[in-house]
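As stored in input.cif (mmCIF, C-alpha atoms):
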data_protein
#
loop_
_atom_site.label_atom_id
_atom_site.label_comp_id
_atom_site.auth_asym_id
_atom_site.auth_seq_id
_atom_site.Cartn_x
_atom_site.Cartn_y
_atom_site.Cartn_z
CA MET E 1 -8.32 24.66 31.51
CA THR E 2 -5.05 25.26 29.68
CA THR E 3 -5.40 26.16 26.01
CA PHE E 4 -2.76 26.17 23.33
CA ALA E 5 -2.77 28.64 20.45
CA ASP E 6 -2.05 27.43 16.95
CA ASP E 7 1.33 29.07 16.40
CA THR E 8 2.24 27.30 13.16
CA THR E 9 0.99 30.04 10.84
CA ASP E 10 3.92 32.31 11.61
CA LEU E 11 6.64 29.67 11.23
CA ALA E 12 8.67 29.21 8.06
CA SER E 13 9.40 25.82 6.51
CA SER E 14 12.95 25.89 7.86
CA GLU E 15 11.67 26.47 11.40
CA LEU E 16 9.10 23.68 11.19
CA ILE E 17 11.68 21.28 9.75
CA ALA E 18 14.01 22.18 12.61
CA LEU E 19 11.25 21.32 15.09
CA ASP E 20 10.77 17.94 13.40
CA GLU E 21 14.49 17.28 13.53
CA ARG E 22 14.68 18.23 17.20
CA TRP E 23 11.58 16.51 18.57
CA SER E 24 10.67 13.61 16.28
CA THR E 25 12.55 10.33 15.97
CA HIS E 26 14.68 10.22 12.82
CA ASN E 27 13.20 7.08 11.31
CA TYR E 28 12.36 8.91 8.07
CA HIS E 29 14.36 11.13 5.74
CA PRO E 30 11.68 13.39 4.20
CA LEU E 31 12.24 15.87 1.43
CA PRO E 32 12.55 19.48 2.66
CA VAL E 33 8.97 20.56 2.03
CA VAL E 34 6.36 21.37 4.70
CA ILE E 35 2.83 20.77 3.47
CA THR E 36 0.02 22.73 5.05
CA GLN E 37 -2.86 22.32 2.57
CA ALA E 38 -3.84 19.85 -0.12
CA GLU E 39 -6.61 19.18 -2.61
CA GLY E 40 -6.85 16.64 -5.40
CA ALA E 41 -3.41 16.09 -6.92
CA TRP E 42 -1.94 19.31 -5.51
CA VAL E 43 -0.37 20.26 -2.18
CA THR E 44 0.70 23.67 -0.85
CA ASP E 45 3.57 24.41 1.51
CA VAL E 46 3.62 26.99 4.30
CA GLU E 47 5.14 29.61 1.99
CA GLY E 48 2.30 29.14 -0.48
CA GLU E 49 4.27 27.16 -3.10
CA ARG E 50 2.22 24.46 -4.88
CA TYR E 51 3.45 21.00 -5.86
CA LEU E 52 2.05 18.10 -7.84
CA ASP E 53 1.84 14.98 -5.69
CA PHE E 54 3.31 12.06 -7.66
CA LEU E 55 3.54 9.77 -4.61
CA SER E 56 -0.05 9.67 -3.28
CA GLY E 57 1.03 8.58 0.17
CA TYR E 58 2.38 5.31 -1.29
CA SER E 59 -1.12 4.75 -2.80
CA ALA E 60 -3.02 5.73 0.35
CA LEU E 61 -4.25 8.76 -1.62
CA ASN E 62 -5.51 6.99 -4.73
CA PHE E 63 -8.54 9.33 -4.71
CA GLY E 64 -6.44 12.43 -4.15
CA HIS E 65 -6.31 14.73 -1.17
CA ARG E 66 -9.61 15.50 0.57
CA HIS E 67 -11.91 13.90 -2.01
CA PRO E 68 -15.30 15.56 -1.38
CA ALA E 69 -17.22 12.29 -1.03
CA LEU E 70 -14.74 10.94 1.49
CA VAL E 71 -14.56 14.16 3.50
CA ALA E 72 -18.37 14.27 3.58
CA ALA E 73 -18.58 10.70 4.85
CA ALA E 74 -15.99 11.37 7.57
CA THR E 75 -17.61 14.66 8.60
CA GLU E 76 -21.05 13.11 8.86
CA GLN E 77 -19.74 10.22 10.94
CA LEU E 78 -17.71 12.53 13.20
CA GLY E 79 -21.02 14.10 14.22
CA ARG E 80 -22.47 10.74 15.25
CA VAL E 81 -20.02 8.25 16.80
CA THR E 82 -16.35 7.49 16.11
CA LEU E 83 -15.47 4.55 18.36
CA THR E 84 -17.37 1.88 20.25
CA SER E 85 -14.73 -0.89 20.41
CA ARG E 86 -15.76 -4.33 19.24
CA ALA E 87 -17.33 -4.98 22.64
CA PHE E 88 -20.52 -3.64 21.05
CA HIS E 89 -22.12 -3.61 17.61
CA HIS E 90 -22.40 -0.39 15.64
CA ASP E 91 -24.42 0.52 12.57
CA GLN E 92 -21.52 0.79 10.08
CA LEU E 93 -19.53 -2.43 10.53
CA GLY E 94 -21.83 -4.97 8.91
CA LEU E 95 -22.56 -2.68 5.99
CA PHE E 96 -18.85 -2.00 5.43
CA CYS E 97 -17.95 -5.68 5.54
CA ARG E 98 -20.75 -6.68 3.16
CA GLU E 99 -19.98 -3.92 0.66
CA LEU E 100 -16.22 -4.58 0.69
CA ALA E 101 -16.77 -8.32 0.27
CA GLU E 102 -19.10 -7.70 -2.66
CA LEU E 103 -16.62 -5.33 -4.31
CA THR E 104 -13.74 -7.79 -3.99
CA GLY E 105 -15.74 -10.95 -4.68
CA THR E 106 -14.89 -12.43 -1.30
CA GLU E 107 -16.93 -13.95 1.52
CA LEU E 108 -15.74 -12.53 4.84
CA VAL E 109 -13.94 -9.44 6.11
CA LEU E 110 -11.60 -8.99 9.08
CA PRO E 111 -11.21 -5.22 9.65
CA MET E 112 -7.97 -3.85 11.09
CA ASN E 113 -6.11 -0.52 10.98
CA SER E 114 -2.68 -0.54 9.32
CA GLY E 115 -1.37 -2.62 6.46
CA ALA E 116 1.10 -4.34 8.75
CA GLU E 117 -1.75 -5.34 11.05
CA ALA E 118 -3.60 -6.84 8.10
CA VAL E 119 -0.55 -8.88 7.10
CA GLU E 120 0.05 -10.00 10.69
CA SER E 121 -3.62 -11.02 10.88
CA ALA E 122 -3.37 -13.00 7.64
CA ILE E 123 -0.28 -14.80 8.95
CA LYS E 124 -2.06 -15.71 12.18
CA VAL E 125 -5.16 -16.91 10.33
CA ALA E 126 -3.07 -18.99 7.91
CA ARG E 127 -1.20 -20.67 10.75
CA LYS E 128 -4.35 -21.39 12.75
CA TRP E 129 -6.02 -22.78 9.61
CA ALA E 130 -2.96 -24.94 8.91
CA TYR E 131 -3.10 -26.53 12.37
CA ARG E 132 -6.86 -26.90 12.70
CA VAL E 133 -7.80 -27.76 9.12
CA LYS E 134 -4.77 -28.94 7.16
CA GLY E 135 -3.40 -30.91 10.09
CA ILE E 136 0.15 -29.58 10.13
CA PRO E 137 1.82 -30.47 13.47
CA ASP E 138 1.56 -27.59 15.93
CA GLY E 139 4.39 -25.07 15.78
CA THR E 140 5.83 -26.32 12.47
CA ALA E 141 3.86 -24.44 9.79
CA GLN E 142 5.80 -22.54 7.15
CA ILE E 143 4.82 -19.62 4.94
CA VAL E 144 6.69 -19.10 1.67
CA VAL E 145 7.45 -15.48 0.79
CA ALA E 146 9.31 -13.65 -1.97
CA ALA E 147 12.65 -11.86 -1.89
CA GLY E 148 12.34 -8.11 -2.27
CA ASN E 149 9.04 -8.16 -0.40
CA PHE E 150 7.64 -5.35 1.70
CA HIS E 151 4.73 -6.29 3.94
CA GLY E 152 5.26 -3.95 6.91
CA ARG E 153 7.65 -3.28 9.76
CA THR E 154 6.59 -5.41 12.71
CA THR E 155 9.14 -7.79 14.22
CA THR E 156 7.54 -10.83 12.59
CA ILE E 157 7.29 -9.19 9.17
CA VAL E 158 10.87 -7.92 9.07
CA SER E 159 11.92 -11.45 10.02
CA PHE E 160 11.34 -12.46 6.40
CA SER E 161 12.41 -9.22 4.75
CA THR E 162 15.49 -9.32 2.51
CA ASP E 163 16.17 -5.61 3.08
CA GLU E 164 18.99 -5.42 5.60
CA VAL E 165 18.11 -1.83 6.52
CA ALA E 166 14.68 -3.06 7.61
CA ARG E 167 16.15 -6.05 9.50
CA ALA E 168 19.36 -4.81 11.08
CA ASP E 169 19.48 -5.06 14.90
CA TYR E 170 15.89 -6.32 15.30
CA GLY E 171 16.63 -9.99 15.93
CA PRO E 172 16.04 -12.61 17.16
CA PHE E 173 13.69 -13.15 14.27
CA THR E 174 10.44 -15.07 14.04
CA PRO E 175 10.88 -18.50 12.43
CA GLY E 176 8.52 -20.22 10.04
CA PHE E 177 9.21 -18.39 6.77
CA VAL E 178 10.95 -19.54 3.59
CA VAL E 179 12.18 -16.93 1.12
CA VAL E 180 12.36 -17.61 -2.63
CA PRO E 181 13.12 -15.30 -5.59
CA TYR E 182 10.15 -13.21 -6.73
CA GLY E 183 8.68 -14.30 -10.03
CA ASP E 184 10.44 -17.68 -10.00
CA ALA E 185 7.76 -20.38 -10.11
CA GLU E 186 10.29 -23.21 -10.13
CA ALA E 187 11.92 -21.96 -6.93
CA LEU E 188 8.49 -21.62 -5.36
CA ALA E 189 7.55 -25.18 -6.32
CA ALA E 190 10.78 -26.47 -4.78
CA ALA E 191 10.15 -24.60 -1.52
CA ILE E 192 6.61 -25.89 -0.92
CA THR E 193 6.38 -28.91 1.39
CA ASP E 194 3.70 -30.69 3.39
CA ARG E 195 4.38 -28.13 6.15
CA THR E 196 3.51 -25.16 3.91
CA ALA E 197 0.52 -23.28 5.28
CA ALA E 198 0.52 -20.47 2.72
CA VAL E 199 2.33 -18.54 0.03
CA LEU E 200 2.38 -14.77 0.64
CA VAL E 201 3.26 -12.49 -2.27
CA GLU E 202 2.58 -9.02 -3.64
CA PRO E 203 1.04 -9.17 -7.13
CA VAL E 204 3.25 -6.15 -7.85
CA GLN E 205 6.13 -5.40 -5.51
CA GLY E 206 5.81 -1.73 -4.56
CA GLU E 207 8.69 -0.92 -2.23
CA ALA E 208 11.06 -2.95 -4.41
CA GLY E 209 10.48 -0.48 -7.23
CA VAL E 210 7.08 -1.41 -8.71
CA VAL E 211 8.23 -4.82 -9.92
CA VAL E 212 5.73 -6.73 -12.07
CA PRO E 213 6.21 -10.52 -12.15
CA PRO E 214 6.49 -12.47 -15.42
CA ASP E 215 3.26 -13.27 -17.23
CA GLY E 216 1.69 -16.42 -15.83
CA TYR E 217 3.59 -16.35 -12.55
CA LEU E 218 0.58 -15.54 -10.38
CA THR E 219 -1.46 -18.20 -12.17
CA GLU E 220 1.29 -20.67 -11.33
CA VAL E 221 1.29 -19.55 -7.68
CA ARG E 222 -2.42 -20.38 -7.59
CA ARG E 223 -1.86 -23.79 -9.19
CA LEU E 224 0.98 -24.71 -6.82
CA CYS E 225 -1.07 -23.70 -3.78
CA ASP E 226 -3.99 -25.80 -4.98
CA GLU E 227 -1.70 -28.75 -5.60
CA ALA E 228 -0.18 -28.51 -2.13
CA GLY E 229 -3.39 -27.66 -0.28
CA ALA E 230 -1.84 -24.36 0.83
CA LEU E 231 -3.39 -20.89 1.01
CA PHE E 232 -2.56 -18.15 -1.47
CA ILE E 233 -2.31 -14.80 0.34
CA ALA E 234 -2.10 -11.73 -1.92
CA ASP E 235 -0.82 -8.52 -0.36
CA GLU E 236 -2.81 -5.88 -2.27
CA ILE E 237 -2.19 -3.07 0.21
CA GLN E 238 -0.43 -0.94 -2.43
CA SER E 239 -1.47 -2.68 -5.65
CA GLY E 240 -5.18 -2.97 -4.88
CA LEU E 241 -8.17 -0.64 -5.07
CA ALA E 242 -7.72 0.62 -8.67
CA ARG E 243 -4.03 1.52 -8.56
CA THR E 244 -3.21 -0.90 -11.41
CA GLY E 245 -6.46 -0.38 -13.33
CA THR E 246 -8.52 -3.13 -11.69
CA VAL E 247 -10.05 -3.48 -8.24
CA LEU E 248 -7.34 -6.02 -7.39
CA ALA E 249 -4.06 -6.46 -9.24
CA LEU E 250 -4.64 -10.22 -9.36
CA ASP E 251 -7.62 -9.48 -11.60
CA HIS E 252 -5.20 -8.86 -14.49
CA GLU E 253 -4.45 -12.60 -14.57
CA ARG E 254 -7.98 -13.62 -13.58
CA VAL E 255 -6.50 -15.27 -10.51
CA ARG E 256 -8.20 -15.54 -7.14
CA ALA E 257 -6.38 -15.65 -3.81
CA ASP E 258 -7.72 -17.31 -0.67
CA LEU E 259 -6.94 -14.22 1.40
CA TYR E 260 -6.17 -10.64 0.41
CA THR E 261 -4.69 -7.93 2.59
CA LEU E 262 -6.00 -4.43 1.86
CA GLY E 263 -5.12 -1.05 3.33
CA LYS E 264 -3.79 2.40 2.37
CA ALA E 265 -6.43 3.62 -0.14
CA LEU E 266 -9.15 1.84 1.85
CA GLY E 267 -8.97 4.76 4.31
CA GLY E 268 -9.14 7.37 1.57
CA GLY E 269 -6.14 9.21 2.99
CA ILE E 270 -8.30 10.27 5.94
CA VAL E 271 -8.07 7.49 8.54
CA PRO E 272 -6.06 4.26 8.75
CA VAL E 273 -8.24 1.39 7.50
CA SER E 274 -7.11 -2.10 6.57
CA ALA E 275 -8.68 -5.50 6.21
CA VAL E 276 -8.11 -9.13 5.44
CA VAL E 277 -10.77 -10.37 3.00
CA GLY E 278 -11.23 -13.86 1.65
CA ARG E 279 -12.78 -17.26 2.07
CA ALA E 280 -15.28 -17.74 4.86
CA ASP E 281 -13.95 -21.20 5.71
CA VAL E 282 -10.49 -19.72 6.27
CA LEU E 283 -11.28 -16.45 8.07
CA GLY E 284 -14.03 -18.30 9.93
CA ILE E 285 -11.34 -20.22 11.81
CA LEU E 286 -11.18 -17.29 14.27
CA ARG E 287 -13.37 -17.45 17.36
CA PRO E 288 -14.12 -14.74 19.97
CA GLY E 289 -11.05 -13.78 21.97
CA GLU E 290 -8.54 -15.29 19.55
CA HIS E 291 -7.75 -12.06 17.70
CA GLY E 292 -8.82 -8.44 17.91
CA SER E 293 -8.15 -4.72 17.69
CA THR E 294 -9.60 -1.85 19.73
CA PHE E 295 -9.80 0.46 16.71
CA GLY E 296 -10.21 -2.14 13.96
CA GLY E 297 -13.60 -1.70 12.30
CA ASN E 298 -14.45 1.47 14.23
CA PRO E 299 -17.46 3.50 13.01
CA LEU E 300 -15.40 6.33 11.51
CA ALA E 301 -13.15 3.90 9.63
CA CYS E 302 -16.14 1.94 8.35
CA ALA E 303 -17.96 5.07 7.17
CA VAL E 304 -14.92 6.24 5.21
CA GLY E 305 -14.27 2.72 3.92
CA ARG E 306 -17.86 2.48 2.69
CA ALA E 307 -17.42 5.75 0.79
CA VAL E 308 -14.24 4.37 -0.79
CA VAL E 309 -16.10 1.25 -1.87
CA ARG E 310 -18.83 3.40 -3.43
CA LEU E 311 -16.22 5.29 -5.46
CA LEU E 312 -14.65 2.07 -6.68
CA ALA E 313 -18.02 0.51 -7.52
CA THR E 314 -18.50 3.08 -10.29
CA GLY E 315 -15.45 1.79 -12.19
CA GLU E 316 -14.35 5.37 -12.89
CA PHE E 317 -11.04 5.10 -11.06
CA GLN E 318 -10.11 1.79 -12.62
CA GLN E 319 -10.72 3.37 -16.04
CA ARG E 320 -8.70 6.48 -15.15
CA SER E 321 -5.79 4.36 -13.97
CA THR E 322 -5.83 2.36 -17.18
CA ALA E 323 -6.07 5.35 -19.53
CA LEU E 324 -3.72 7.69 -17.71
CA GLY E 325 -1.39 4.80 -16.96
CA ALA E 326 -0.99 4.12 -20.66
CA ARG E 327 0.09 7.73 -21.14
CA LEU E 328 2.42 7.56 -18.12
CA HIS E 329 4.24 4.49 -19.42
CA ALA E 330 4.38 5.76 -22.99
CA ARG E 331 6.05 8.99 -21.90
CA LEU E 332 8.46 7.26 -19.53
CA SER E 333 9.44 4.71 -22.17
CA GLU E 334 10.60 7.60 -24.36
CA LEU E 335 13.26 8.31 -21.73
CA LEU E 336 14.87 4.89 -21.98
CA GLY E 337 18.45 5.51 -23.04
CA ASN E 338 18.05 9.18 -22.19
CA GLY E 339 18.41 9.11 -18.42
CA LEU E 340 16.42 5.94 -17.66
CA THR E 341 17.56 2.33 -17.91
CA GLU E 342 14.26 0.62 -17.05
CA VAL E 343 10.57 1.44 -16.66
CA ARG E 344 8.25 -0.95 -14.82
CA GLY E 345 4.71 -0.90 -13.54
CA ARG E 346 1.04 -1.32 -14.30
CA GLY E 347 -1.74 1.24 -14.49
CA LEU E 348 -0.97 4.64 -13.02
CA TRP E 349 2.03 3.27 -11.14
CA ALA E 350 5.64 3.10 -12.23
CA GLY E 351 9.11 2.40 -10.98
CA ILE E 352 11.88 4.02 -13.01
CA ASP E 353 15.60 3.24 -12.80
CA ILE E 354 17.86 6.22 -13.39
CA ASP E 355 21.09 5.65 -15.31
CA PRO E 356 23.76 5.04 -12.61
CA GLY E 357 25.98 7.51 -14.46
CA GLY E 358 23.49 10.24 -13.68
CA LEU E 359 21.52 11.18 -10.59
CA THR E 360 20.76 9.08 -7.55
CA GLY E 361 17.12 8.56 -6.71
CA ARG E 362 17.42 10.98 -3.81
CA SER E 363 19.02 13.75 -5.84
CA ALA E 364 16.43 13.26 -8.60
CA ALA E 365 13.62 13.58 -6.05
CA GLU E 366 15.20 16.76 -4.71
CA LYS E 367 15.52 18.24 -8.20
CA LEU E 368 11.91 17.34 -8.97
CA LEU E 369 10.92 19.16 -5.79
CA SER E 370 12.50 22.30 -7.22
CA HIS E 371 10.37 21.73 -10.36
CA GLY E 372 7.20 21.48 -8.29
CA VAL E 373 6.76 17.69 -8.33
CA LEU E 374 6.80 15.41 -5.27
CA CYS E 375 7.92 11.80 -5.48
CA LYS E 376 10.28 9.56 -3.51
CA GLU E 377 13.29 7.42 -4.18
CA THR E 378 13.79 3.79 -3.29
CA HIS E 379 16.87 1.56 -3.51
CA GLY E 380 19.53 3.91 -4.79
CA HIS E 381 18.72 4.93 -8.36
CA THR E 382 14.99 4.17 -8.46
CA LEU E 383 12.01 6.51 -8.23
CA ARG E 384 8.44 5.40 -7.57
CA LEU E 385 5.68 7.31 -9.32
CA ALA E 386 2.03 6.99 -8.22
CA PRO E 387 0.00 10.10 -9.05
CA PRO E 388 -3.50 10.27 -7.55
CA LEU E 389 -6.06 8.65 -9.82
CA VAL E 390 -7.95 11.97 -9.92
CA ILE E 391 -5.07 13.77 -11.62
CA SER E 392 -5.96 15.58 -14.85
CA GLU E 393 -4.25 14.67 -18.09
CA SER E 394 -2.68 18.13 -18.30
CA ASP E 395 -1.28 17.87 -14.76
CA LEU E 396 0.05 14.39 -15.51
CA GLU E 397 1.83 15.78 -18.56
CA ARG E 398 3.20 18.65 -16.49
CA GLY E 399 4.71 16.21 -14.01
CA LEU E 400 6.12 14.02 -16.77
CA ASP E 401 7.68 17.06 -18.42
CA ALA E 402 9.49 17.78 -15.15
CA ILE E 403 10.69 14.19 -14.90
CA ALA E 404 11.99 14.28 -18.49
CA THR E 405 13.87 17.50 -17.72
CA VAL E 406 15.43 16.17 -14.52
CA VAL E 407 16.45 12.63 -15.52
CA GLY E 408 17.47 13.67 -19.02
CA ALA E 409 19.84 16.34 -17.75
CA ARG E 410 23.53 15.53 -17.92
#
Have the structure of the file written as structure tokens, please.
Amino acid sequence: MTTFADDTTDLASSELIALDERWSTHNYHPLPVVITQAEGAWVTDVEGERYLDFLSGYSALNFGHRHPALVAAATEQLGRVTLTSRAFHHDQLGLFCRELAELTGTELVLPMNSGAEAVESAIKVARKWAYRVKGIPDGTAQIVVAAGNFHGRTTTIVSFSTDEVARADYGPFTPGFVVVPYGDAEALAAAITDRTAAVLVEPVQGEAGVVVPPDGYLTEVRRLCDEAGALFIADEIQSGLARTGTVLALDHERVRADLYTLGKALGGGIVPVSAVVGRADVLGILRPGEHGSTFGGNPLACAVGRAVVRLLATGEFQQRSTALGARLHARLSELLGNGLTEVRGRGLWAGIDIDPGGLTGRSAAEKLLSHGVLCKETHGHTLRLAPPLVISESDLERGLDAIATVVGAR
């Protein structure tokens, strides 16, 4: 049998980056750092330099890198069984679904893998529900979405994206979507018709720059959906699971959706885990053979997901997000007029707009890298900040000091 030695230990960052550039498709533009180890809020590159992670894998690492409880759950399950397919039952699925439903206050769980799969699943369920229950004529259902959205990168999802980089050259696009401005309840009301199956929105728009809607907007979305007999689908893939200080970001307005899409942090940064959770009479529209996934709800994913639910059930991470988030926003607000033009966000999550007369988002991220802090730009002059919820107060202050130095420099 042919064996391959691990030859990465002798390669420098520049050599490993060159390998990436030569052999991997250039659909990302990563910062020039090669991570080889990580723990908590810190990562280490191949030269031994340490960096604070202020991105958290776009909220997939809410609990930090290699959280001991999550690693233990994965390790234990790896020694038992990792995949059965849904052709058979296994001893983790029912427990995972019950515990996740109880955590989120929902009735049924549809386990998948990626966030995009969860959104695609919610779209399919909403359409099937619209035809079988609401009585919309077959093939005519519409879903209202918000401009600036990011729900994934499948062909159907980019069909209703307003980001031309995400859409360019991928047509023809999937019909059945109506786009309205985010946060505009009047525009939403005008767009809803008797053919509306659902309204799909992010309670906080992550990719757009951590955009929080006006107070009362999500309550109005709920009211309009009730009035029209349409489903409210909340994409909580980035905003959910303690990132904003509550289990679900909708909890801030005491609003309930009919369906939620979850992902990222649900896998603890260890395995891809996503789910659609919600009303039993809606998700129950699916029958055997009508939807599925070979890896969705696999034993390893369920074991890790159960460990994530146990962490969230303590309330510790919601409290940390709230307390540390208050400090994050207070410090960032001090930079308004001194390098920043706007600060947005909720909990330990922020989008900051850099003065156009200063750095671009990319150049700011590169300068922060040289100060030992990792984050990522979005949309020109915007940075997204999402430190792991396990970060210490002193490390948070260290990262904020670096940000103040970089964006305040002239």
Expected residue set, 12 Å radius at (10.3, -5.5, -3.8), all atoms listed in the file, as a ChimeraX atom specification: /E:145-152,161-163,181-183,201-213,238,351,378-379,382,384
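With all atoms listed in the file as the atoms that count, the minimum distance from Asp194 of chain E to the choices E:Tyr170, E:Ile233, E:Glu107, E:Gln142 is reached by E:Gln142.
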The PyMOL selection byres ((chain E and resi 298) around 8) applied to the shown file, residues as a PyMOL selection string: chain E and resi 82-86+93+295-297+299-302
Could you make a table, as a Markdown table, of the residues of segment 213-320 of chain E that have an atom within 7 Å of an atom of segment 114-128 of chain E, each with its nearest atom pair and distance in Å to one decimal, counting only C-alpha atoms, in chain and number order?
| residue | atom | partner | partner_atom | distance |
| --- | --- | --- | --- | --- |
| E:Ile237 | CA | E:Gly115 | CA | 6.3 |
| E:Thr261 | CA | E:Ala118 | CA | 5.7 |
| E:Leu262 | CA | E:Gly115 | CA | 6.8 |
| E:Gly263 | CA | E:Gly115 | CA | 5.1 |
| E:Lys264 | CA | E:Gly115 | CA | 6.9 |
| E:Pro272 | CA | E:Ser114 | CA | 5.9 |
| E:Val273 | CA | E:Ser114 | CA | 6.2 |
| E:Ser274 | CA | E:Ser114 | CA | 5.4 |
| E:Ala275 | CA | E:Ala118 | CA | 5.6 |
| E:Val276 | CA | E:Ala118 | CA | 5.7 |
| E:Leu283 | CA | E:Val125 | CA | 6.5 |
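The two atoms in question, atom CA of Gly176 of chain E and atom CA of Arg195 of chain E, are spaced 9.7 Å apart.
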